[in-house]
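Heads up, input.cif below (mmCIF, N, CA and C atoms):
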data_run
#
loop_
_atom_site.label_atom_id
_atom_site.label_comp_id
_atom_site.auth_asym_id
_atom_site.auth_seq_id
_atom_site.Cartn_x
_atom_site.Cartn_y
_atom_site.Cartn_z
N MET F 1 -17.70 -5.22 6.56
CA MET F 1 -16.60 -5.10 7.49
C MET F 1 -15.58 -6.22 7.28
N LYS F 2 -16.10 -7.43 7.02
CA LYS F 2 -15.22 -8.57 6.79
C LYS F 2 -14.33 -8.33 5.58
N ASN F 3 -14.94 -7.79 4.51
CA ASN F 3 -14.19 -7.52 3.29
C ASN F 3 -13.13 -6.45 3.54
N TYR F 4 -13.47 -5.43 4.33
CA TYR F 4 -12.51 -4.38 4.65
C TYR F 4 -11.32 -4.95 5.42
N ILE F 5 -11.60 -5.79 6.40
CA ILE F 5 -10.52 -6.40 7.20
C ILE F 5 -9.65 -7.28 6.32
N ARG F 6 -10.27 -8.04 5.44
CA ARG F 6 -9.52 -8.91 4.53
C ARG F 6 -8.60 -8.08 3.63
N ARG F 7 -9.12 -6.99 3.07
CA ARG F 7 -8.31 -6.14 2.20
C ARG F 7 -7.22 -5.43 2.98
N ALA F 8 -7.51 -5.01 4.21
CA ALA F 8 -6.50 -4.35 5.05
C ALA F 8 -5.37 -5.31 5.38
N ILE F 9 -5.70 -6.54 5.71
CA ILE F 9 -4.66 -7.55 6.01
C ILE F 9 -3.86 -7.85 4.76
N SER F 10 -4.52 -7.93 3.62
CA SER F 10 -3.83 -8.17 2.36
C SER F 10 -2.85 -7.04 2.06
N LEU F 11 -3.30 -5.80 2.22
CA LEU F 11 -2.42 -4.65 1.97
C LEU F 11 -1.27 -4.64 2.97
N THR F 12 -1.56 -4.93 4.24
CA THR F 12 -0.51 -4.99 5.26
C THR F 12 0.55 -6.01 4.87
N SER F 13 0.13 -7.17 4.45
CA SER F 13 1.06 -8.23 4.07
C SER F 13 1.90 -7.83 2.87
N LEU F 14 1.27 -7.22 1.89
CA LEU F 14 1.98 -6.80 0.69
C LEU F 14 3.01 -5.74 1.02
N VAL F 15 2.64 -4.72 1.79
CA VAL F 15 3.58 -3.65 2.17
C VAL F 15 4.73 -4.23 2.99
N PHE F 16 4.42 -5.08 3.95
CA PHE F 16 5.46 -5.65 4.80
C PHE F 16 6.44 -6.49 3.98
N THR F 17 5.93 -7.29 3.08
CA THR F 17 6.79 -8.12 2.24
C THR F 17 7.73 -7.27 1.40
N ILE F 18 7.20 -6.22 0.80
CA ILE F 18 8.03 -5.35 -0.03
C ILE F 18 9.08 -4.63 0.82
N LEU F 19 8.69 -4.14 1.99
CA LEU F 19 9.64 -3.45 2.87
C LEU F 19 10.76 -4.39 3.32
N VAL F 20 10.41 -5.59 3.71
CA VAL F 20 11.42 -6.55 4.17
C VAL F 20 12.35 -6.93 3.02
N ALA F 21 11.79 -7.22 1.86
CA ALA F 21 12.61 -7.60 0.70
C ALA F 21 13.57 -6.47 0.33
N THR F 22 13.08 -5.26 0.31
CA THR F 22 13.92 -4.11 -0.03
C THR F 22 15.02 -3.93 1.00
N ASN F 23 14.68 -4.02 2.27
CA ASN F 23 15.70 -3.86 3.31
C ASN F 23 16.71 -5.00 3.32
N LEU F 24 16.29 -6.19 2.92
CA LEU F 24 17.25 -7.30 2.80
C LEU F 24 18.27 -7.00 1.72
N LEU F 25 17.81 -6.38 0.64
CA LEU F 25 18.74 -6.03 -0.44
C LEU F 25 19.66 -4.88 -0.05
N VAL F 26 19.13 -3.92 0.69
CA VAL F 26 19.89 -2.71 1.00
C VAL F 26 20.82 -2.91 2.20
N ASN F 27 20.28 -3.38 3.32
CA ASN F 27 21.08 -3.49 4.53
C ASN F 27 20.52 -4.59 5.42
N LYS F 28 21.11 -5.74 5.35
CA LYS F 28 20.61 -6.89 6.10
C LYS F 28 20.69 -6.70 7.61
N LYS F 29 21.73 -6.04 8.09
CA LYS F 29 21.88 -5.84 9.53
C LYS F 29 20.77 -4.94 10.07
N ALA F 30 20.47 -3.89 9.32
CA ALA F 30 19.45 -2.93 9.77
C ALA F 30 18.07 -3.57 9.79
N LEU F 31 17.83 -4.51 8.90
CA LEU F 31 16.51 -5.13 8.83
C LEU F 31 16.10 -5.74 10.16
N PHE F 32 17.00 -6.44 10.80
CA PHE F 32 16.63 -7.15 12.02
C PHE F 32 16.46 -6.21 13.21
N THR F 33 16.99 -5.00 13.11
CA THR F 33 16.79 -4.04 14.19
C THR F 33 15.53 -3.20 13.99
N ILE F 34 14.96 -3.23 12.78
CA ILE F 34 13.78 -2.39 12.52
C ILE F 34 12.57 -3.20 12.06
N ILE F 35 12.64 -4.50 12.12
CA ILE F 35 11.54 -5.32 11.58
C ILE F 35 10.22 -5.07 12.30
N GLU F 36 10.26 -4.83 13.60
CA GLU F 36 9.02 -4.54 14.32
C GLU F 36 8.41 -3.22 13.84
N TYR F 37 9.27 -2.25 13.59
CA TYR F 37 8.77 -0.95 13.11
C TYR F 37 8.22 -1.08 11.69
N LEU F 38 8.87 -1.90 10.85
CA LEU F 38 8.35 -2.14 9.50
C LEU F 38 6.97 -2.77 9.58
N PHE F 39 6.80 -3.68 10.53
CA PHE F 39 5.49 -4.31 10.69
C PHE F 39 4.46 -3.28 11.13
N PHE F 40 4.84 -2.39 12.04
CA PHE F 40 3.95 -1.33 12.50
C PHE F 40 3.53 -0.43 11.33
N VAL F 41 4.50 -0.01 10.51
CA VAL F 41 4.19 0.82 9.35
C VAL F 41 3.25 0.07 8.40
N SER F 42 3.48 -1.20 8.22
CA SER F 42 2.63 -2.01 7.33
C SER F 42 1.21 -2.11 7.86
N VAL F 43 1.06 -2.29 9.16
CA VAL F 43 -0.28 -2.37 9.76
C VAL F 43 -1.01 -1.05 9.60
N VAL F 44 -0.32 0.05 9.86
CA VAL F 44 -0.94 1.36 9.69
C VAL F 44 -1.34 1.55 8.24
N SER F 45 -0.48 1.14 7.32
CA SER F 45 -0.79 1.23 5.90
C SER F 45 -2.04 0.44 5.56
N GLY F 46 -2.15 -0.75 6.11
CA GLY F 46 -3.33 -1.57 5.86
C GLY F 46 -4.60 -0.97 6.43
N ILE F 47 -4.51 -0.41 7.63
CA ILE F 47 -5.67 0.19 8.26
C ILE F 47 -6.16 1.41 7.48
N LEU F 48 -5.22 2.12 6.86
CA LEU F 48 -5.57 3.34 6.12
C LEU F 48 -6.07 3.06 4.71
N ILE F 49 -6.44 1.82 4.42
CA ILE F 49 -6.88 1.47 3.07
C ILE F 49 -8.08 2.30 2.63
N PHE F 50 -8.90 2.76 3.57
CA PHE F 50 -10.06 3.55 3.20
C PHE F 50 -9.67 4.84 2.49
N LEU F 51 -8.43 5.32 2.70
CA LEU F 51 -7.99 6.54 2.03
C LEU F 51 -7.76 6.33 0.54
N VAL F 52 -7.33 5.14 0.16
CA VAL F 52 -7.01 4.90 -1.25
C VAL F 52 -8.04 4.02 -1.94
N ASP F 53 -9.03 3.58 -1.21
CA ASP F 53 -10.06 2.71 -1.77
C ASP F 53 -11.13 3.55 -2.47
N ASP F 54 -11.33 3.30 -3.74
CA ASP F 54 -12.33 4.04 -4.51
C ASP F 54 -13.65 3.28 -4.42
N ASN F 55 -14.56 3.80 -3.62
CA ASN F 55 -15.85 3.14 -3.47
C ASN F 55 -16.93 3.76 -4.35
N GLY F 56 -16.51 4.62 -5.27
CA GLY F 56 -17.46 5.22 -6.20
C GLY F 56 -18.13 6.47 -5.70
N SER F 57 -17.91 6.83 -4.45
CA SER F 57 -18.58 8.02 -3.92
C SER F 57 -17.65 9.23 -3.86
N TYR F 58 -16.38 9.03 -4.20
CA TYR F 58 -15.42 10.13 -4.15
C TYR F 58 -15.22 10.73 -5.54
N SER F 59 -14.96 12.02 -5.58
CA SER F 59 -14.59 12.67 -6.83
C SER F 59 -13.13 12.35 -7.12
N ASN F 60 -12.71 12.60 -8.36
CA ASN F 60 -11.31 12.36 -8.71
C ASN F 60 -10.37 13.22 -7.87
N ARG F 61 -10.78 14.45 -7.63
CA ARG F 61 -9.96 15.35 -6.82
C ARG F 61 -9.81 14.81 -5.40
N ARG F 62 -10.89 14.33 -4.83
CA ARG F 62 -10.86 13.77 -3.47
C ARG F 62 -10.00 12.51 -3.42
N LEU F 63 -10.08 11.67 -4.44
CA LEU F 63 -9.27 10.46 -4.48
C LEU F 63 -7.78 10.80 -4.52
N ILE F 64 -7.42 11.78 -5.35
CA ILE F 64 -6.01 12.18 -5.44
C ILE F 64 -5.55 12.74 -4.10
N LEU F 65 -6.37 13.58 -3.49
CA LEU F 65 -6.03 14.14 -2.18
C LEU F 65 -5.86 13.03 -1.14
N ASN F 66 -6.75 12.05 -1.15
CA ASN F 66 -6.64 10.93 -0.20
C ASN F 66 -5.36 10.15 -0.42
N GLN F 67 -4.98 9.93 -1.67
CA GLN F 67 -3.77 9.16 -1.95
C GLN F 67 -2.52 9.92 -1.55
N VAL F 68 -2.52 11.25 -1.76
CA VAL F 68 -1.39 12.06 -1.31
C VAL F 68 -1.32 12.04 0.22
N LEU F 69 -2.46 12.13 0.87
CA LEU F 69 -2.51 12.05 2.33
C LEU F 69 -1.97 10.70 2.82
N TYR F 70 -2.36 9.63 2.15
CA TYR F 70 -1.89 8.28 2.49
C TYR F 70 -0.37 8.20 2.41
N ILE F 71 0.19 8.66 1.30
CA ILE F 71 1.64 8.65 1.11
C ILE F 71 2.31 9.52 2.18
N GLY F 72 1.71 10.68 2.46
CA GLY F 72 2.26 11.57 3.47
C GLY F 72 2.29 10.94 4.85
N ILE F 73 1.22 10.26 5.23
CA ILE F 73 1.17 9.60 6.54
C ILE F 73 2.23 8.52 6.65
N ILE F 74 2.37 7.71 5.60
CA ILE F 74 3.38 6.64 5.63
C ILE F 74 4.78 7.24 5.71
N PHE F 75 5.03 8.31 4.94
CA PHE F 75 6.35 8.93 5.01
C PHE F 75 6.60 9.57 6.37
N MET F 76 5.55 10.12 6.98
CA MET F 76 5.71 10.67 8.34
C MET F 76 6.10 9.57 9.32
N LEU F 77 5.60 8.36 9.11
CA LEU F 77 6.01 7.24 9.95
C LEU F 77 7.48 6.92 9.75
N VAL F 78 7.97 7.05 8.51
CA VAL F 78 9.39 6.85 8.25
C VAL F 78 10.21 7.91 8.98
N LEU F 79 9.75 9.16 8.92
CA LEU F 79 10.44 10.24 9.63
C LEU F 79 10.42 10.00 11.14
N ALA F 80 9.29 9.52 11.66
CA ALA F 80 9.19 9.22 13.08
C ALA F 80 10.15 8.09 13.45
N GLY F 81 10.23 7.08 12.60
CA GLY F 81 11.17 5.98 12.85
C GLY F 81 12.61 6.47 12.84
N ASN F 82 12.91 7.38 11.93
CA ASN F 82 14.26 7.95 11.86
C ASN F 82 14.60 8.67 13.17
N SER F 83 13.63 9.37 13.71
CA SER F 83 13.86 10.13 14.94
C SER F 83 13.84 9.24 16.18
N LEU F 84 12.81 8.40 16.31
CA LEU F 84 12.65 7.59 17.52
C LEU F 84 13.64 6.44 17.62
N LEU F 85 13.97 5.84 16.49
CA LEU F 85 14.85 4.67 16.51
C LEU F 85 16.30 5.01 16.16
N HIS F 86 16.58 6.31 16.01
CA HIS F 86 17.94 6.77 15.77
C HIS F 86 18.58 6.10 14.56
N TRP F 87 17.84 6.11 13.44
CA TRP F 87 18.39 5.53 12.21
C TRP F 87 19.48 6.42 11.63
N GLU F 88 19.42 7.70 11.97
CA GLU F 88 20.40 8.68 11.49
C GLU F 88 20.51 8.67 9.98
N LEU F 89 19.37 8.73 9.32
CA LEU F 89 19.35 8.80 7.86
C LEU F 89 19.74 10.20 7.42
N SER F 90 20.57 10.27 6.41
CA SER F 90 20.94 11.57 5.85
C SER F 90 19.79 12.06 4.96
N TYR F 91 19.96 13.22 4.37
CA TYR F 91 18.94 13.72 3.45
C TYR F 91 18.76 12.75 2.28
N PHE F 92 19.88 12.18 1.82
CA PHE F 92 19.79 11.20 0.73
C PHE F 92 19.03 9.95 1.20
N GLY F 93 19.29 9.52 2.43
CA GLY F 93 18.59 8.36 2.98
C GLY F 93 17.09 8.61 3.10
N LEU F 94 16.73 9.81 3.55
CA LEU F 94 15.31 10.17 3.64
C LEU F 94 14.68 10.24 2.25
N PHE F 95 15.42 10.82 1.31
CA PHE F 95 14.90 10.91 -0.05
C PHE F 95 14.72 9.52 -0.65
N SER F 96 15.69 8.63 -0.44
CA SER F 96 15.57 7.28 -0.99
C SER F 96 14.40 6.53 -0.33
N ASN F 97 14.14 6.79 0.94
CA ASN F 97 12.98 6.18 1.60
C ASN F 97 11.68 6.73 1.05
N PHE F 98 11.67 8.04 0.74
CA PHE F 98 10.49 8.63 0.13
C PHE F 98 10.23 8.00 -1.24
N VAL F 99 11.28 7.82 -2.03
CA VAL F 99 11.14 7.15 -3.33
C VAL F 99 10.65 5.72 -3.13
N LEU F 100 11.15 5.06 -2.11
CA LEU F 100 10.71 3.69 -1.81
C LEU F 100 9.22 3.66 -1.46
N VAL F 101 8.76 4.61 -0.64
CA VAL F 101 7.34 4.68 -0.27
C VAL F 101 6.49 4.88 -1.52
N ILE F 102 6.91 5.80 -2.38
CA ILE F 102 6.15 6.07 -3.62
C ILE F 102 6.17 4.83 -4.53
N SER F 103 7.32 4.18 -4.62
CA SER F 103 7.43 2.97 -5.47
C SER F 103 6.51 1.86 -4.96
N ILE F 104 6.52 1.64 -3.66
CA ILE F 104 5.64 0.63 -3.07
C ILE F 104 4.18 0.97 -3.34
N PHE F 105 3.84 2.25 -3.18
CA PHE F 105 2.47 2.70 -3.42
C PHE F 105 2.04 2.39 -4.86
N PHE F 106 2.90 2.74 -5.83
CA PHE F 106 2.53 2.50 -7.22
C PHE F 106 2.53 1.01 -7.56
N PHE F 107 3.42 0.24 -6.95
CA PHE F 107 3.41 -1.21 -7.16
C PHE F 107 2.10 -1.81 -6.67
N ILE F 108 1.68 -1.37 -5.50
CA ILE F 108 0.42 -1.87 -4.93
C ILE F 108 -0.76 -1.44 -5.80
N LYS F 109 -0.75 -0.18 -6.25
CA LYS F 109 -1.83 0.29 -7.13
C LYS F 109 -1.88 -0.55 -8.40
N LEU F 110 -0.72 -0.87 -8.96
CA LEU F 110 -0.65 -1.71 -10.16
C LEU F 110 -1.18 -3.11 -9.87
N PHE F 111 -0.80 -3.66 -8.72
CA PHE F 111 -1.27 -4.98 -8.30
C PHE F 111 -2.78 -4.99 -8.12
N VAL F 112 -3.31 -3.99 -7.42
CA VAL F 112 -4.75 -3.90 -7.17
C VAL F 112 -5.49 -3.68 -8.49
N TYR F 113 -4.93 -2.86 -9.38
CA TYR F 113 -5.55 -2.62 -10.68
C TYR F 113 -5.65 -3.94 -11.46
N GLY F 114 -4.59 -4.72 -11.43
CA GLY F 114 -4.60 -6.01 -12.12
C GLY F 114 -5.67 -6.94 -11.55
N GLN F 115 -5.79 -6.97 -10.23
CA GLN F 115 -6.81 -7.80 -9.58
C GLN F 115 -8.21 -7.32 -9.95
N ASP F 116 -8.42 -5.99 -9.92
CA ASP F 116 -9.73 -5.44 -10.26
C ASP F 116 -10.09 -5.70 -11.71
N LYS F 117 -9.11 -5.58 -12.60
CA LYS F 117 -9.35 -5.83 -14.03
C LYS F 117 -9.72 -7.29 -14.26
N LYS F 118 -9.03 -8.18 -13.58
CA LYS F 118 -9.32 -9.62 -13.70
C LYS F 118 -10.74 -9.91 -13.20
N GLU F 119 -11.10 -9.32 -12.07
CA GLU F 119 -12.44 -9.52 -11.52
C GLU F 119 -13.51 -8.94 -12.45
N ALA F 120 -13.25 -7.77 -13.02
CA ALA F 120 -14.20 -7.15 -13.95
C ALA F 120 -14.36 -8.01 -15.20
N ASP F 121 -13.28 -8.58 -15.70
CA ASP F 121 -13.36 -9.46 -16.87
C ASP F 121 -14.21 -10.69 -16.57
N GLU F 122 -14.04 -11.26 -15.38
CA GLU F 122 -14.84 -12.43 -15.00
C GLU F 122 -16.32 -12.07 -14.90
N ILE F 123 -16.61 -10.91 -14.35
CA ILE F 123 -18.01 -10.46 -14.24
C ILE F 123 -18.60 -10.24 -15.62
N ASN F 124 -17.82 -9.62 -16.51
CA ASN F 124 -18.31 -9.38 -17.87
C ASN F 124 -18.58 -10.69 -18.60
N LYS F 125 -17.70 -11.66 -18.45
CA LYS F 125 -17.92 -12.98 -19.07
C LYS F 125 -19.18 -13.63 -18.52
N TYR F 126 -19.37 -13.53 -17.22
CA TYR F 126 -20.56 -14.10 -16.60
C TYR F 126 -21.82 -13.44 -17.14
N ILE F 127 -21.80 -12.12 -17.27
CA ILE F 127 -22.96 -11.39 -17.79
C ILE F 127 -23.23 -11.77 -19.24
N GLN F 128 -22.18 -11.89 -20.04
CA GLN F 128 -22.37 -12.28 -21.44
C GLN F 128 -22.94 -13.69 -21.56
N ARG F 129 -22.47 -14.60 -20.74
CA ARG F 129 -23.02 -15.97 -20.77
C ARG F 129 -24.51 -15.95 -20.35
N LYS F 130 -24.81 -15.14 -19.36
CA LYS F 130 -26.18 -15.04 -18.87
C LYS F 130 -27.09 -14.47 -19.96
N GLU F 131 -26.61 -13.46 -20.69
CA GLU F 131 -27.40 -12.86 -21.76
C GLU F 131 -27.62 -13.83 -22.91
N LYS F 132 -26.61 -14.64 -23.22
CA LYS F 132 -26.72 -15.62 -24.31
C LYS F 132 -27.72 -16.72 -23.97
N SER F 133 -27.75 -17.09 -22.70
CA SER F 133 -28.65 -18.17 -22.29
C SER F 133 -30.11 -17.71 -22.19
N GLU F 134 -30.33 -16.43 -22.13
CA GLU F 134 -31.71 -15.92 -22.00
C GLU F 134 -32.34 -15.72 -23.30
#

Rewrite the coordinates I just gave you, this time as structure tokens.
Amino acid sequence: MKNYIRRAISLTSLVFTILVATNLLVNKKALFTIIEYLFFVSVVSGILIFLVDDNGSYSNRRLILNQVLYIGIIFMLVLAGNSLLHWELSYFGLFSNFVLVISIFFFIKLFVYGQDKKEADEINKYIQRKEKSE
């Protein structure tokens, strides 16, 4: 449970940082009116880490379905924000937000893949040293 909470907080922080940085580049005025909602979306994203976390018990088909569901839920939050907070995004604005959600998702996947690869390399080195010493 501790590891899950740590990973959820890490994912929340990463998503929030990317959202804030992107909104600073796009529209600085809008950022300060939606920062609480960005934080909410980031927290939800972090909590939903179980959908994209491969624990070895899911099939490839199930993993892909979970990741599509994850992206869908996050985009639904963007649509809800558009409606509830009166962002008045046009179709192009919604499309660009969808591209942003997908980009953030793939950036995070790339980041997590790099971390996992680094950890796997360290484990392999440890095992090789252990085998040599025996």

(request) To one decimal in Å, tell me the separation between atom N of Ile18 of chain F and atom CA of Ile47 of chain F. (result)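 Interatomic distance, atom N of Ile18 of chain F to atom CA of Ile47 of chain F: 16.2 Å.
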
(request) Rounded to one decimal place, report the atom CA of Leu14 of chain F-atom CA of Ser42 of chain F distance in Å. (result) 8.2 Å

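When only N, CA and C atoms are used to measure the gap to Val78 of chain F, the shortest distance among F:Gln115, F:Asn124, F:Asn97, F:Ser103 belongs to F:Asn97.
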
(message) Using only C-alpha atoms for the distances, tell me which of F:Lys125, F:Tyr37, F:Leu85, F:Val15 is nearest to Lys109 of chain F.
(response)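 Among the listed residues, F:Val15 lies closest to Lys109 of chain F.
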
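The space separating atom C of Leu11 of chain F from atom C of Ser45 of chain F comes to 5.8 Å.
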
(request) Please determine the residues with any atom at most 6.5 Å from (-4.9, -4.8, 11.8) (coordinates as given in the file, with all atoms listed in the file counting) and report them as number ranges by chain. (result) F: 8-9, 43, 47

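Of the listed residues F:Arg62, F:Lys132, F:Phe92, F:Val41, the one whose atoms come nearest to Ile74 of chain F is F:Val41, with distances taken using all atoms listed in the file.
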
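Of the listed residues (F:Ser59, F:Asn82, F:Thr12, F:Ser133), F:Thr12 comes nearest to Gly46 of chain F; the distances count all atoms listed in the file.
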
Residues near Ser96 of chain F, anyone? I mean within 12 Å using only C-alpha atoms, not counting same-chain ones fewer than 6 positions away, as a PDB file with N, CA and C atoms, in the coordinates of the input.
ATOM      1  N   THR F  22      13.080  -5.260   0.310  1.00  0.00           N
ATOM      2  CA  THR F  22      13.920  -4.110  -0.030  1.00  0.00           C
ATOM      3  C   THR F  22      15.020  -3.930   1.000  1.00  0.00           C
ATOM      4  N   ASN F  23      14.680  -4.020   2.270  1.00  0.00           N
ATOM      5  CA  ASN F  23      15.700  -3.860   3.310  1.00  0.00           C
ATOM      6  C   ASN F  23      16.710  -5.000   3.320  1.00  0.00           C
ATOM      7  N   VAL F  26      19.130  -3.920   0.690  1.00  0.00           N
ATOM      8  CA  VAL F  26      19.890  -2.710   1.000  1.00  0.00           C
ATOM      9  C   VAL F  26      20.820  -2.910   2.200  1.00  0.00           C
ATOM     10  N   PHE F  75       5.030   8.310   4.940  1.00  0.00           N
ATOM     11  CA  PHE F  75       6.350   8.930   5.010  1.00  0.00           C
ATOM     12  C   PHE F  75       6.600   9.570   6.370  1.00  0.00           C
ATOM     13  N   VAL F  78       7.970   7.050   8.510  1.00  0.00           N
ATOM     14  CA  VAL F  78       9.390   6.850   8.250  1.00  0.00           C
ATOM     15  C   VAL F  78      10.210   7.910   8.980  1.00  0.00           C
ATOM     16  N   LEU F  89      19.370   8.730   9.320  1.00  0.00           N
ATOM     17  CA  LEU F  89      19.350   8.800   7.860  1.00  0.00           C
ATOM     18  C   LEU F  89      19.740  10.200   7.420  1.00  0.00           C
ATOM     19  N   SER F  90      20.570  10.270   6.410  1.00  0.00           N
ATOM     20  CA  SER F  90      20.940  11.570   5.850  1.00  0.00           C
ATOM     21  C   SER F  90      19.790  12.060   4.960  1.00  0.00           C
ATOM     22  N   ILE F 102       6.910   5.800  -2.380  1.00  0.00           N
ATOM     23  CA  ILE F 102       6.150   6.070  -3.620  1.00  0.00           C
ATOM     24  C   ILE F 102       6.170   4.830  -4.530  1.00  0.00           C
ATOM     25  N   SER F 103       7.320   4.180  -4.620  1.00  0.00           N
ATOM     26  CA  SER F 103       7.430   2.970  -5.470  1.00  0.00           C
ATOM     27  C   SER F 103       6.510   1.860  -4.960  1.00  0.00           C
TER      28      SER F 103
END

Need the axis-aligned box for segment 95-111 of chain F with 6 Å each side, so what are the centre and edges in Å to one decimal, as lines of an AutoDock Vina configuration file?
center_x = 6.5
center_y = 3.0
center_z = -4.3
size_x = 30.5
size_y = 27.9
size_z = 23.8

(request) Report as a ChimeraX atom specification: the residues of segment 34-120 of chain F with a DSSP assignment of helix (DSSP H, G or I), based on the backbone of this structure. (result) /F:34-47,49-52,60-84,91-120
